[in-house]
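Q: Structure file model-v2.txt, compact mmCIF, C-alpha atoms, is pasted below:
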```txt
# COMPACT_ATOMS: atom_id res chain seq x y z
CA MET A 1249 -125.35 29.02 -72.06
CA SER A 1250 -125.26 25.36 -71.07
CA THR A 1251 -122.48 22.98 -72.00
CA LEU A 1252 -124.82 20.96 -74.16
CA THR A 1253 -125.84 24.06 -76.09
CA ILE A 1254 -122.26 25.15 -76.59
CA PHE A 1255 -121.11 21.77 -77.77
CA ASP A 1256 -124.16 20.96 -79.84
CA ALA A 1257 -125.37 18.18 -77.59
CA ALA A 1258 -121.98 16.47 -77.58
CA ARG A 1259 -121.48 13.98 -74.81
CA THR A 1260 -119.69 15.52 -71.86
CA ALA A 1261 -117.92 12.28 -70.93
CA PRO A 1262 -117.60 8.76 -72.31
CA GLU A 1263 -119.78 6.06 -70.82
CA LYS A 1264 -118.24 3.95 -68.08
CA ASN A 1265 -117.56 0.52 -69.55
CA PRO A 1266 -120.24 0.74 -72.25
CA GLU A 1267 -121.11 -2.50 -73.99
CA PRO A 1268 -119.52 -3.07 -77.41
CA CYS A 1269 -121.82 -2.43 -80.35
CA PRO A 1270 -122.56 -5.43 -82.57
CA ALA A 1271 -119.80 -5.79 -85.18
CA ARG A 1272 -122.40 -6.15 -87.94
CA ALA A 1273 -123.53 -2.55 -87.32
CA ILE A 1274 -120.16 -1.10 -88.32
CA PRO A 1275 -119.03 -0.88 -91.97
CA ALA A 1276 -115.81 -2.64 -92.98
CA VAL A 1277 -112.64 -1.00 -94.24
CA LEU A 1278 -110.13 -2.25 -96.77
CA GLY A 1279 -106.79 -3.31 -95.34
CA ALA A 1280 -108.15 -4.72 -92.08
CA ASP A 1281 -106.14 -7.87 -92.76
CA LEU A 1282 -102.92 -6.05 -93.72
CA ARG A 1283 -99.78 -7.65 -92.28
CA VAL A 1284 -96.53 -5.74 -91.94
CA PRO A 1285 -92.92 -6.71 -91.16
CA VAL A 1286 -91.69 -6.14 -87.61
CA LYS A 1287 -88.45 -6.68 -85.74
CA GLY A 1288 -87.25 -10.27 -85.81
CA GLY A 1289 -88.41 -10.92 -89.36
CA ARG A 1290 -91.97 -11.85 -88.49
CA LEU A 1291 -95.22 -10.40 -89.80
CA ALA A 1292 -97.82 -8.73 -87.58
CA GLY A 1293 -101.32 -7.54 -88.23
CA TYR A 1294 -101.19 -3.80 -88.84
CA ALA A 1295 -102.66 -1.66 -86.07
CA ASN A 1296 -103.63 1.50 -87.92
CA LEU A 1297 -103.91 4.30 -85.35
CA ASP A 1298 -103.32 7.16 -87.80
CA TYR A 1299 -106.89 7.88 -88.91
CA ALA A 1300 -106.57 11.63 -88.28
CA ALA A 1301 -104.06 11.84 -91.12
CA SER A 1302 -105.90 9.61 -93.60
CA ALA A 1303 -108.58 7.03 -92.95
CA PRO A 1304 -108.69 3.70 -94.79
CA CYS A 1305 -111.20 3.14 -97.56
CA LEU A 1306 -114.64 1.78 -96.73
CA GLU A 1307 -115.64 -1.31 -98.68
CA GLN A 1308 -118.77 0.51 -99.88
CA VAL A 1309 -116.64 3.32 -101.24
CA SER A 1310 -114.39 0.95 -103.15
CA ALA A 1311 -117.44 -0.79 -104.56
CA ALA A 1312 -119.03 2.48 -105.69
CA VAL A 1313 -115.87 3.53 -107.54
CA ALA A 1314 -115.56 0.10 -109.16
CA ALA A 1315 -119.19 0.29 -110.29
CA ALA A 1316 -118.67 3.73 -111.84
CA LEU A 1317 -115.48 2.89 -113.74
CA PRO A 1318 -116.93 0.88 -116.66
CA ALA A 1319 -119.11 3.84 -117.74
CA TYR A 1320 -116.65 6.55 -116.72
CA SER A 1321 -116.68 9.43 -119.19
CA SER A 1322 -116.67 13.21 -119.47
CA VAL A 1323 -119.14 15.29 -117.50
CA HIS A 1324 -121.58 18.12 -118.25
CA ARG A 1325 -121.09 18.57 -121.97
CA GLY A 1326 -121.11 15.11 -123.51
CA ALA A 1327 -124.11 13.80 -125.44
CA GLY A 1328 -123.14 10.13 -125.23
CA TYR A 1329 -124.81 7.73 -122.80
CA ALA A 1330 -121.67 7.19 -120.71
CA SER A 1331 -121.15 10.93 -120.41
CA GLN A 1332 -124.76 11.47 -119.41
CA LEU A 1333 -124.58 8.69 -116.81
CA THR A 1334 -121.30 9.97 -115.38
CA THR A 1335 -122.70 13.49 -115.20
CA ALA A 1336 -125.76 12.22 -113.33
CA ARG A 1337 -123.56 10.37 -110.84
CA TYR A 1338 -121.37 13.40 -110.31
CA GLU A 1339 -124.30 15.74 -109.68
CA GLN A 1340 -126.01 13.17 -107.45
CA ALA A 1341 -122.80 13.12 -105.39
CA ARG A 1342 -123.21 16.86 -104.90
CA HIS A 1343 -126.75 16.37 -103.57
CA THR A 1344 -125.58 13.56 -101.28
CA VAL A 1345 -122.83 15.69 -99.77
CA ARG A 1346 -125.26 18.59 -99.28
CA ALA A 1347 -127.64 16.33 -97.37
CA PHE A 1348 -124.85 14.71 -95.35
CA VAL A 1349 -123.81 18.01 -93.77
CA GLY A 1350 -127.37 19.29 -93.42
CA ALA A 1351 -126.83 22.21 -95.79
CA ARG A 1352 -129.53 24.59 -96.93
CA THR A 1353 -131.11 23.85 -100.30
CA ASP A 1354 -129.49 26.90 -101.90
CA ASP A 1355 -126.01 26.30 -100.46
CA ALA A 1356 -123.25 25.67 -102.96
CA VAL A 1357 -121.30 22.41 -102.89
CA VAL A 1358 -117.96 22.93 -104.62
CA PHE A 1359 -115.81 19.84 -104.98
CA THR A 1360 -112.17 20.46 -104.10
CA ARG A 1361 -109.09 18.33 -103.46
CA ASN A 1362 -109.28 18.49 -99.66
CA THR A 1363 -109.94 20.84 -96.73
CA THR A 1364 -106.85 22.92 -97.46
CA ASP A 1365 -107.93 23.41 -101.06
CA ALA A 1366 -111.46 24.32 -99.97
CA THR A 1367 -110.19 26.89 -97.46
CA ASN A 1368 -107.89 28.48 -100.01
CA LEU A 1369 -110.77 28.64 -102.49
CA LEU A 1370 -112.88 30.60 -100.02
CA ALA A 1371 -109.91 32.85 -99.24
CA ARG A 1372 -109.77 33.82 -102.91
CA CYS A 1373 -113.46 34.77 -102.85
CA LEU A 1374 -113.60 37.00 -99.79
CA PRO A 1375 -114.93 40.51 -100.41
CA GLU A 1376 -112.23 43.14 -100.60
CA GLY A 1377 -111.08 44.27 -97.16
CA THR A 1378 -112.37 41.21 -95.30
CA THR A 1379 -110.73 40.64 -91.92
CA VAL A 1380 -110.34 37.03 -90.86
CA VAL A 1381 -110.29 36.09 -87.16
CA VAL A 1382 -108.68 32.75 -86.32
CA PHE A 1383 -107.31 31.06 -83.20
CA ASP A 1384 -103.70 29.93 -82.96
CA THR A 1385 -105.04 26.46 -82.20
CA GLU A 1386 -105.96 25.91 -85.84
CA HIS A 1387 -104.50 23.66 -88.51
CA HIS A 1388 -102.25 25.52 -90.95
CA ALA A 1389 -104.98 25.26 -93.58
CA SER A 1390 -107.02 27.67 -91.46
CA LEU A 1391 -104.11 29.84 -90.33
CA LEU A 1392 -102.24 30.60 -93.53
CA PRO A 1393 -104.48 31.42 -96.56
CA TRP A 1394 -105.68 34.85 -95.44
CA GLN A 1395 -104.38 38.27 -96.48
CA ARG A 1396 -105.83 40.26 -93.59
CA VAL A 1397 -105.94 38.24 -90.39
CA VAL A 1398 -106.23 38.64 -86.62
CA ARG A 1399 -104.87 35.66 -84.71
CA LEU A 1400 -106.17 34.94 -81.22
CA ALA A 1401 -104.24 33.18 -78.46
CA PRO A 1402 -105.33 29.69 -77.39
CA PRO A 1403 -108.27 30.13 -75.01
CA ALA A 1404 -107.99 28.68 -71.50
CA PHE A 1405 -111.56 27.36 -71.58
CA PRO A 1406 -114.44 27.25 -74.11
CA GLY A 1407 -116.19 30.34 -72.75
CA GLU A 1408 -112.99 32.31 -73.20
CA ALA A 1409 -112.97 31.34 -76.89
CA VAL A 1410 -116.47 32.75 -77.26
CA ARG A 1411 -115.59 35.94 -75.37
CA ALA A 1412 -112.37 36.47 -77.33
CA ALA A 1413 -114.23 36.11 -80.63
CA ASP A 1414 -116.96 38.44 -79.35
CA ASP A 1415 -114.52 41.16 -78.29
CA THR A 1416 -112.41 40.91 -81.43
CA LEU A 1417 -115.27 40.90 -83.94
CA ALA A 1418 -116.87 43.86 -82.18
CA GLY A 1419 -113.81 45.97 -82.93
CA ILE A 1420 -113.60 45.19 -86.66
CA ASP A 1421 -115.28 47.25 -89.35
CA GLY A 1422 -116.13 45.96 -92.79
CA PRO A 1423 -116.54 42.36 -93.94
CA LYS A 1424 -115.30 39.77 -91.45
CA LEU A 1425 -114.97 36.02 -91.23
CA LEU A 1426 -114.45 33.85 -88.15
CA VAL A 1427 -112.58 30.61 -88.85
CA VAL A 1428 -112.65 27.77 -86.35
CA THR A 1429 -112.27 24.02 -86.20
CA ALA A 1430 -115.11 21.76 -85.11
CA ALA A 1431 -112.74 19.15 -83.64
CA SER A 1432 -109.04 19.70 -83.06
CA ASN A 1433 -106.69 17.62 -85.19
CA VAL A 1434 -104.21 17.66 -82.27
CA THR A 1435 -106.33 16.87 -79.21
CA GLY A 1436 -109.68 15.80 -80.70
CA GLU A 1437 -111.44 18.34 -78.47
CA LEU A 1438 -114.77 19.67 -79.72
CA TRP A 1439 -115.12 23.43 -80.16
CA PRO A 1440 -118.25 25.48 -79.34
CA VAL A 1441 -119.16 26.13 -82.95
CA ALA A 1442 -122.84 26.89 -82.29
CA ALA A 1443 -121.97 29.61 -79.79
CA LEU A 1444 -119.24 30.98 -82.05
CA ALA A 1445 -121.62 31.09 -85.03
CA HIS A 1446 -124.11 33.03 -82.91
CA ILE A 1447 -121.42 35.53 -81.90
CA ALA A 1448 -120.17 35.90 -85.46
CA HIS A 1449 -123.62 36.67 -86.80
CA ARG A 1450 -124.36 39.09 -84.01
CA HIS A 1451 -121.44 41.17 -85.26
CA GLY A 1452 -122.33 40.83 -88.94
CA ALA A 1453 -119.55 38.32 -89.57
CA ARG A 1454 -119.63 34.93 -91.24
CA ILE A 1455 -118.13 31.69 -89.95
CA LEU A 1456 -116.14 28.98 -91.69
CA VAL A 1457 -115.87 25.68 -89.84
CA ASP A 1458 -113.06 23.24 -90.55
CA ALA A 1459 -114.99 19.98 -90.23
CA ALA A 1460 -112.23 17.67 -91.45
CA GLN A 1461 -111.85 15.90 -88.10
CA LEU A 1462 -115.51 16.08 -87.12
CA VAL A 1463 -117.42 14.50 -90.00
CA PRO A 1464 -115.71 11.07 -89.77
CA HIS A 1465 -116.75 10.86 -86.10
CA ARG A 1466 -119.94 12.85 -85.50
CA PRO A 1467 -122.95 14.14 -87.46
CA LEU A 1468 -122.90 17.73 -88.68
CA ASN A 1469 -125.92 19.88 -89.46
CA LEU A 1470 -124.88 23.14 -91.07
CA THR A 1471 -128.41 24.52 -91.04
CA ALA A 1472 -129.16 23.71 -87.40
CA LEU A 1473 -125.84 25.20 -86.28
CA ASP A 1474 -126.39 28.24 -88.54
CA LEU A 1475 -122.96 27.94 -90.16
CA ASP A 1476 -122.04 29.85 -93.28
CA TYR A 1477 -119.34 27.51 -94.65
CA VAL A 1478 -117.90 24.11 -93.85
CA ALA A 1479 -114.89 22.43 -95.41
CA PHE A 1480 -113.82 18.79 -95.18
CA SER A 1481 -111.77 16.09 -96.89
CA GLY A 1482 -112.71 12.74 -98.37
CA HIS A 1483 -109.44 11.12 -97.38
CA LYS A 1484 -110.33 11.55 -93.70
CA LEU A 1485 -113.88 10.34 -94.35
CA TYR A 1486 -112.96 6.86 -95.61
CA ALA A 1487 -112.94 8.03 -99.25
CA PRO A 1488 -109.25 8.42 -100.18
CA PHE A 1489 -109.77 9.34 -103.83
CA GLY A 1490 -108.60 12.96 -103.82
CA ALA A 1491 -111.83 14.89 -103.29
CA GLY A 1492 -113.07 17.25 -100.60
CA ALA A 1493 -115.77 19.88 -100.45
CA LEU A 1494 -116.54 23.47 -99.58
CA VAL A 1495 -120.21 23.83 -98.68
CA GLY A 1496 -121.97 27.08 -97.92
CA ARG A 1497 -123.47 30.37 -99.00
CA GLY A 1498 -123.15 31.06 -102.69
CA ASP A 1499 -122.98 34.86 -102.88
CA TRP A 1500 -119.29 35.33 -102.00
CA LEU A 1501 -118.39 32.36 -104.18
CA ALA A 1502 -120.42 33.68 -107.12
CA ALA A 1503 -118.77 37.10 -106.86
CA GLY A 1504 -115.22 35.85 -106.33
CA ASP A 1505 -112.69 35.39 -109.07
CA PRO A 1506 -112.84 31.82 -110.44
CA TYR A 1507 -110.47 29.60 -108.49
CA LEU A 1508 -109.26 28.07 -111.75
CA LYS A 1509 -109.76 29.71 -115.12
CA GLY A 1510 -110.58 27.39 -117.95
CA GLY A 1511 -113.19 25.23 -119.60
CA GLY A 1512 -116.36 24.66 -117.62
CA ALA A 1513 -116.06 27.86 -115.60
CA VAL A 1514 -117.17 30.03 -118.51
CA ARG A 1515 -120.40 30.44 -120.42
CA ALA A 1516 -118.67 32.05 -123.38
CA VAL A 1517 -115.30 33.48 -124.41
CA GLY A 1518 -115.01 36.35 -126.87
CA GLU A 1519 -112.49 38.91 -128.01
CA ASP A 1520 -113.21 41.02 -124.93
CA GLY A 1521 -112.66 38.20 -122.44
CA ALA A 1522 -114.69 35.56 -120.65
CA ASP A 1523 -118.26 35.48 -119.43
CA TRP A 1524 -117.88 33.49 -116.21
CA HIS A 1525 -120.62 31.37 -114.70
CA ASP A 1526 -122.63 33.05 -111.94
CA ASP A 1527 -123.34 29.63 -110.43
CA PRO A 1528 -120.50 29.10 -107.93
CA GLU A 1529 -120.29 25.34 -108.54
CA PRO A 1530 -119.21 25.40 -112.21
CA ARG A 1531 -117.49 28.76 -111.65
CA HIS A 1532 -114.93 27.13 -109.34
CA GLU A 1533 -114.70 23.68 -110.93
CA ALA A 1534 -112.91 24.46 -114.20
CA GLY A 1535 -111.43 21.60 -116.19
CA THR A 1536 -112.34 17.95 -115.86
CA PRO A 1537 -113.32 17.43 -112.21
CA ASN A 1538 -112.38 14.50 -110.02
CA VAL A 1539 -115.53 12.57 -110.79
CA LEU A 1540 -114.45 9.36 -109.08
CA GLY A 1541 -113.38 11.32 -106.01
CA ALA A 1542 -116.81 12.92 -105.78
CA ILE A 1543 -118.54 9.56 -106.22
CA ALA A 1544 -116.31 8.08 -103.51
CA LEU A 1545 -117.03 10.95 -101.14
CA ALA A 1546 -120.77 10.54 -101.64
CA ALA A 1547 -120.53 6.79 -101.11
CA ALA A 1548 -118.82 7.37 -97.76
CA CYS A 1549 -121.54 9.81 -96.77
CA ASP A 1550 -124.20 7.26 -97.73
CA ALA A 1551 -122.47 4.45 -95.85
CA LEU A 1552 -122.17 6.40 -92.60
CA THR A 1553 -125.73 7.67 -92.86
CA ALA A 1554 -127.07 4.18 -93.49
CA THR A 1555 -125.17 2.79 -90.51
CA GLY A 1556 -126.45 5.51 -88.20
CA TRP A 1557 -124.32 7.55 -85.85
CA THR A 1558 -125.35 5.85 -82.62
CA PRO A 1559 -123.36 2.61 -83.08
CA LEU A 1560 -120.41 4.48 -84.58
CA VAL A 1561 -120.18 6.99 -81.74
CA ARG A 1562 -120.73 4.40 -79.01
CA GLU A 1563 -117.98 2.15 -80.34
CA GLU A 1564 -115.55 5.04 -80.74
CA GLU A 1565 -116.25 6.31 -77.23
CA ARG A 1566 -115.70 2.85 -75.80
CA LEU A 1567 -112.32 2.47 -77.50
CA LEU A 1568 -111.30 6.05 -76.77
CA ALA A 1569 -112.07 5.63 -73.07
CA ARG A 1570 -109.97 2.46 -73.02
CA LEU A 1571 -107.08 4.22 -74.76
CA ARG A 1572 -107.09 7.32 -72.56
CA ALA A 1573 -107.42 5.35 -69.33
CA GLY A 1574 -104.51 3.18 -70.38
CA LEU A 1575 -102.32 6.15 -71.27
CA ALA A 1576 -103.10 7.83 -67.94
CA ALA A 1577 -101.88 4.72 -66.10
CA ILE A 1578 -98.41 4.73 -67.71
CA ASP A 1579 -95.73 6.65 -65.82
CA GLY A 1580 -94.03 9.21 -68.05
CA VAL A 1581 -96.83 9.45 -70.62
CA ARG A 1582 -98.68 12.77 -70.76
CA GLU A 1583 -101.78 13.39 -72.84
CA LEU A 1584 -102.02 16.83 -74.42
CA SER A 1585 -105.21 18.79 -73.82
CA LEU A 1586 -106.31 22.40 -74.12
CA TRP A 1587 -109.42 22.20 -71.93
CA GLY A 1588 -108.78 19.28 -69.60
CA PRO A 1589 -109.40 15.53 -69.59
CA GLY A 1590 -113.19 15.77 -69.15
CA HIS A 1591 -113.85 17.87 -72.23
CA PRO A 1592 -115.81 16.18 -75.09
CA ARG A 1593 -113.63 14.97 -77.94
CA VAL A 1594 -113.46 12.64 -80.93
CA GLY A 1595 -111.07 9.71 -81.27
CA ILE A 1596 -107.79 11.63 -81.36
CA VAL A 1597 -105.17 11.60 -78.59
CA SER A 1598 -101.73 13.29 -78.67
CA PHE A 1599 -99.14 12.58 -76.02
CA THR A 1600 -95.47 12.64 -75.08
CA VAL A 1601 -93.28 9.98 -73.47
CA ASP A 1602 -90.70 11.29 -71.02
CA GLY A 1603 -87.15 10.81 -72.24
CA HIS A 1604 -88.13 9.59 -75.69
CA PRO A 1605 -88.38 11.86 -78.76
CA ALA A 1606 -91.67 11.62 -80.59
CA ARG A 1607 -90.02 10.25 -83.73
CA GLU A 1608 -88.30 7.54 -81.71
CA VAL A 1609 -91.62 6.53 -80.17
CA ALA A 1610 -93.35 6.35 -83.56
CA GLU A 1611 -90.51 4.42 -85.17
CA THR A 1612 -90.34 1.96 -82.28
CA LEU A 1613 -94.09 1.35 -82.38
CA SER A 1614 -93.88 0.64 -86.09
CA ALA A 1615 -90.68 -1.42 -86.22
CA GLU A 1616 -91.28 -3.54 -83.12
CA HIS A 1617 -95.07 -3.75 -82.85
CA GLY A 1618 -96.63 -3.08 -86.28
CA ILE A 1619 -98.44 0.03 -85.02
CA GLY A 1620 -98.94 3.12 -87.17
CA VAL A 1621 -99.18 6.47 -85.38
CA ARG A 1622 -98.24 10.03 -86.32
CA ASP A 1623 -95.45 12.10 -84.80
CA GLY A 1624 -94.55 15.76 -85.23
CA LYS A 1625 -96.50 18.98 -84.97
CA PHE A 1626 -99.49 17.86 -87.06
CA CYS A 1627 -99.59 20.97 -89.28
CA ALA A 1628 -100.51 22.96 -86.16
CA HIS A 1629 -97.12 24.30 -85.05
CA PRO A 1630 -98.29 27.20 -82.84
CA PHE A 1631 -100.81 25.01 -81.04
CA VAL A 1632 -98.42 22.14 -80.35
CA ARG A 1633 -95.80 24.55 -79.03
CA HIS A 1634 -98.46 26.03 -76.73
CA LEU A 1635 -99.52 22.61 -75.44
CA LEU A 1636 -95.97 21.50 -74.78
CA GLY A 1637 -95.01 24.75 -73.08
CA THR A 1638 -91.29 24.76 -72.37
CA GLN A 1639 -91.01 21.08 -73.21
CA ASP A 1640 -89.35 20.19 -76.46
CA GLY A 1641 -91.05 16.83 -76.82
CA GLY A 1642 -87.67 15.18 -76.42
CA CYS A 1643 -86.37 16.47 -79.74
CA ALA A 1644 -82.66 17.09 -79.85
CA ASP A 1645 -83.09 20.11 -82.13
CA GLY A 1646 -85.38 21.83 -79.63
CA THR A 1647 -88.49 21.67 -81.78
CA ALA A 1648 -91.74 20.76 -80.07
CA SER A 1649 -93.37 17.56 -81.22
CA ALA A 1650 -95.66 14.83 -79.94
CA VAL A 1651 -97.15 11.47 -80.84
CA ARG A 1652 -100.74 11.21 -82.05
CA ALA A 1653 -102.89 8.09 -81.96
CA SER A 1654 -106.25 8.31 -83.70
CA ILE A 1655 -109.01 5.75 -84.08
CA GLY A 1656 -111.98 5.13 -86.31
CA ILE A 1657 -113.93 2.43 -88.12
CA GLY A 1658 -111.73 -0.67 -88.15
CA THR A 1659 -109.98 0.07 -84.84
CA THR A 1660 -110.18 -2.84 -82.41
CA GLU A 1661 -109.54 -3.44 -78.72
CA GLU A 1662 -106.47 -5.43 -79.70
CA HIS A 1663 -105.03 -2.39 -81.52
CA VAL A 1664 -105.54 -0.20 -78.46
CA ASP A 1665 -104.16 -2.78 -76.04
CA ARG A 1666 -101.12 -3.43 -78.24
CA LEU A 1667 -100.33 0.28 -78.28
CA LEU A 1668 -100.64 0.52 -74.50
CA ALA A 1669 -98.44 -2.52 -73.94
CA ALA A 1670 -95.82 -1.16 -76.32
CA LEU A 1671 -95.79 2.22 -74.57
CA ARG A 1672 -95.47 0.59 -71.16
CA ASP A 1673 -92.47 -1.31 -72.43
CA LEU A 1674 -90.90 1.78 -73.99
CA ALA A 1675 -91.52 4.04 -71.00
CA GLY A 1676 -89.82 1.52 -68.74
CA ARG A 1677 -86.62 1.30 -70.77
```
Here is a file; write its structure as structure tokens.
A:
Amino acid sequence: MSTLTIFDAARTAPEKNPEPCPARAIPAVLGADLRVPVKGGRLAGYANLDYAASAPCLEQVSAAVAAALPAYSSVHRGAGYASQLTTARYEQARHTVRAFVGARTDDAVVFTRNTTDATNLLARCLPEGTTVVVFDTEHHASLLPWQRVVRLAPPAFPGEAVRAADDTLAGIDGPKLLVVTAASNVTGELWPVAALAHIAHRHGARILVDAAQLVPHRPLNLTALDLDYVAFSGHKLYAPFGAGALVGRGDWLAAGDPYLKGGGAVRAVGEDGADWHDDPEPRHEAGTPNVLGAIALAAACDALTATGWTPLVREEERLLARLRAGLAAIDGVRELSLWGPGHPRVGIVSFTVDGHPAREVAETLSAEHGIGVRDGKFCAHPFVRHLLGTQDGGCADGTASAVRASIGIGTTEEHVDRLLAALRDLAGR
């Protein structure tokens, strides 16, 4: 199987010195003009390089929420005009999200709080006796919700991931689910989800893909990749209003116990109990849903689709190449990678600085340079420990940790260059 097939036609390497895309092609984010206090009492423009944790809000998303607020009302059961309009907007958001991820027409779209919530929802709906297969490279949201789980060691190369899944699934009887990320939240590396989906289905298993770090950076087509479920978060997709989604096959969701039990999830309640909805969308969305969060999520999907992925990907690759080349040129800075520097990835880079604990690096970048990055183990403790090996990341308590810089819409060359200059200064101290 070719690399392009495995990685779903992902680019195998960034372009050499690609030309910047026109600024007008890229949507704007709120907070681009934010100024923050730095050492010496001055103010500096904020260099937000923490997109992998939470992305800023797109202007189109803010506008969509503001437009919905005056008529905001209850959904699904109100007869009033505002209720009917709000219901229509909420259900249209569901259709927009379904189209954004290329889902099948009969796939369910269940609105959740975030990727973690979506994964836990599916965990509650697995058929009895289901065995879950997951790599130790995963985010805790994919590692922890399962009752019956087989954890696989970090693979040395992509083909080993496919072979390990193949061998493991072949030895499991009964229902089984393979869980894998599309793009690592630690290294940004893309995983061979198409090949893994093929292997899963060959063994009668289903596949859940954590797309939280993919969908802000690359297009996703659930149908073309033959995925069963995808989960992602609005707050990483420029829609920080508390909504995410689980998208996929409805049968397990329709048969599973309602995630929340209450109004909206039932058709009727009598003396003998409740008659739950068979439709998985209302079945798992009891209570008043996060209507504004769903509208915001759909607005982000619309904005990215309208922009087109070509300018977004080209600009990200240009900035990512600049960042990684700069890091590689600094003595004492080591980029973390599972599959090597040439492997395709999105705009996420984790690294260590010799002699400086990760928290010290992050605090220095913030206090002295107005740069926001993330430090720690990124809710992927086993994976970060594996990447660091015997290193402790400079932490006095012996716990492995690293620094993560992540980019997205709103990142500029100046942000990247400021980070590199600050790291050069720190590494030389």
Q: Nearest to A:Arg1652: which of A:Asp1298, A:Glu1533, A:Asp1355, A:Asp1281 is it, counting all atoms listed in the file?
A: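 Closest to A:Arg1652, using all atoms listed in the file: A:Asp1298.
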Q: Need the shell around A:Leu1552: protein/DNA/RNA residues with any atom at most 10 Å away, counting all atoms listed in the file. Skip same-chain ones fewer than 3 positions apart. Format as a PyMOL selection string?
A: chain A and resi 1274-1275+1306+1308+1348+1463-1467+1485-1486+1547-1549+1555-1557+1560
Q: Have a look at A:Val1597, A:Pro1537, A:Arg1497, A:Val1478 and name the one nearest to A:Gly1510; count all atoms listed in the file.
A: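 Distance minimum relative to A:Gly1510 lands on A:Pro1537.
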Q: Can you check which parts of stretch 1466-1524 of chain A lie within 7 Å of stretch 1439-1451 of chain A? Per residue, the shortest pair of atoms and distance in Å to one decimal, counting only C-alpha atoms, sorted by chain and number, as CSV.
A:
```
residue,atom,partner,partner_atom,distance
A:Leu1473,CA,A:Ala1442,CA,5.3
A:Asp1474,CA,A:Ala1445,CA,6.6
A:Leu1475,CA,A:Ala1445,CA,6.2
```
Q: Given the selection you just returned, output its residues as a file containing C-alpha atoms, formatted as a CSV table (one decimal), keeping the file's coordinate frame.
A:
```
chain,number,residue,atom,x,y,z
A,1473,LEU,CA,-125.8,25.2,-86.3
A,1474,ASP,CA,-126.4,28.2,-88.5
A,1475,LEU,CA,-123.0,27.9,-90.2
```
Q: Which protein, DNA or RNA residues have an atom at most 12 Å from (-122.7, 27.7, -96.8), counting only C-alpha atoms? List them as a PyMOL selection string.
A: chain A and resi 1346+1349-1358+1370+1454-1457+1469-1471+1473-1479+1493-1501+1528
Q: By how many Å are atom CA of A:Asn1368 and atom CA of A:Pro1592 apart?
A: 28.9 Å
Q: Quick one: residues within 9 Å of A:Ser1432, only C-alpha atoms, excluding same-chain residues fewer than 4 positions away - as a ChimeraX atom specification?
A: /A:1385-1387,1436-1439,1461-1462,1593-1594,1596
Q: Which distance in Å separates atom CA of A:Val1323 and atom CA of A:His1483, to one decimal?
A: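 The value is 22.7 Å.
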Q: When you look at A:Asp1384 with a cut-off of 8 Å (counting all atoms listed in the file), what residues show up, excluding the ones that are within fewer than 5 positions of it in the same chain? I need them as number ranges by chain.
A: A: 1391, 1399-1402, 1630-1631
Q: Calculated over all atoms listed in the file, which of the candidates A:Ala1312, A:Ala1653, A:Val1514, A:Ala1295 has the smallest distance to A:Glu1583?
A: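 Ranked by minimum distance to A:Glu1583, first place goes to A:Ala1653.
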Q: Name all residues at most 7 Å from A:Ala1330 (count all atoms listed in the file; drop same-chain ones fewer than 4 positions away) and give them as a count of residues only.
A: 4
Q: Once you count all atoms listed in the file, which residues end up no further than 12 Å from (-102.7, 37.3, -93.8) in the file's frame, shown as JSON, numbers by chain?
A: {"A": [1368, 1371, 1377, 1378, 1379, 1380, 1381, 1382, 1390, 1391, 1392, 1393, 1394, 1395, 1396, 1397, 1398, 1399]}
Q: Could you check which of A:Ala1546, A:Leu1417, A:Leu1333, A:Leu1667 is closest to A:Val1609, using only C-alpha atoms?
A: A:Leu1667
Q: One number please: atom CA of A:His1617 to atom CA of A:Ala1280, in Å, one decimal.
A: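 Atom CA of A:His1617 sits 16.0 Å away from atom CA of A:Ala1280.
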Q: Skip A:Pro1506 itself and residues of its chain fewer than 4 positions away, then list as JSON, numbers by chain all residues within 8 Å of it, counting all atoms listed in the file.
A: {"A": [1513, 1524, 1531, 1532]}
Q: Hey, which of A:Ala1327, A:Ala1460, A:Leu1468, A:Ala1670 ends up closest to A:Ile1619? Count all atoms listed in the file.
A: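 Answer, going by the shortest atom-to-atom distance: A:Ala1670.
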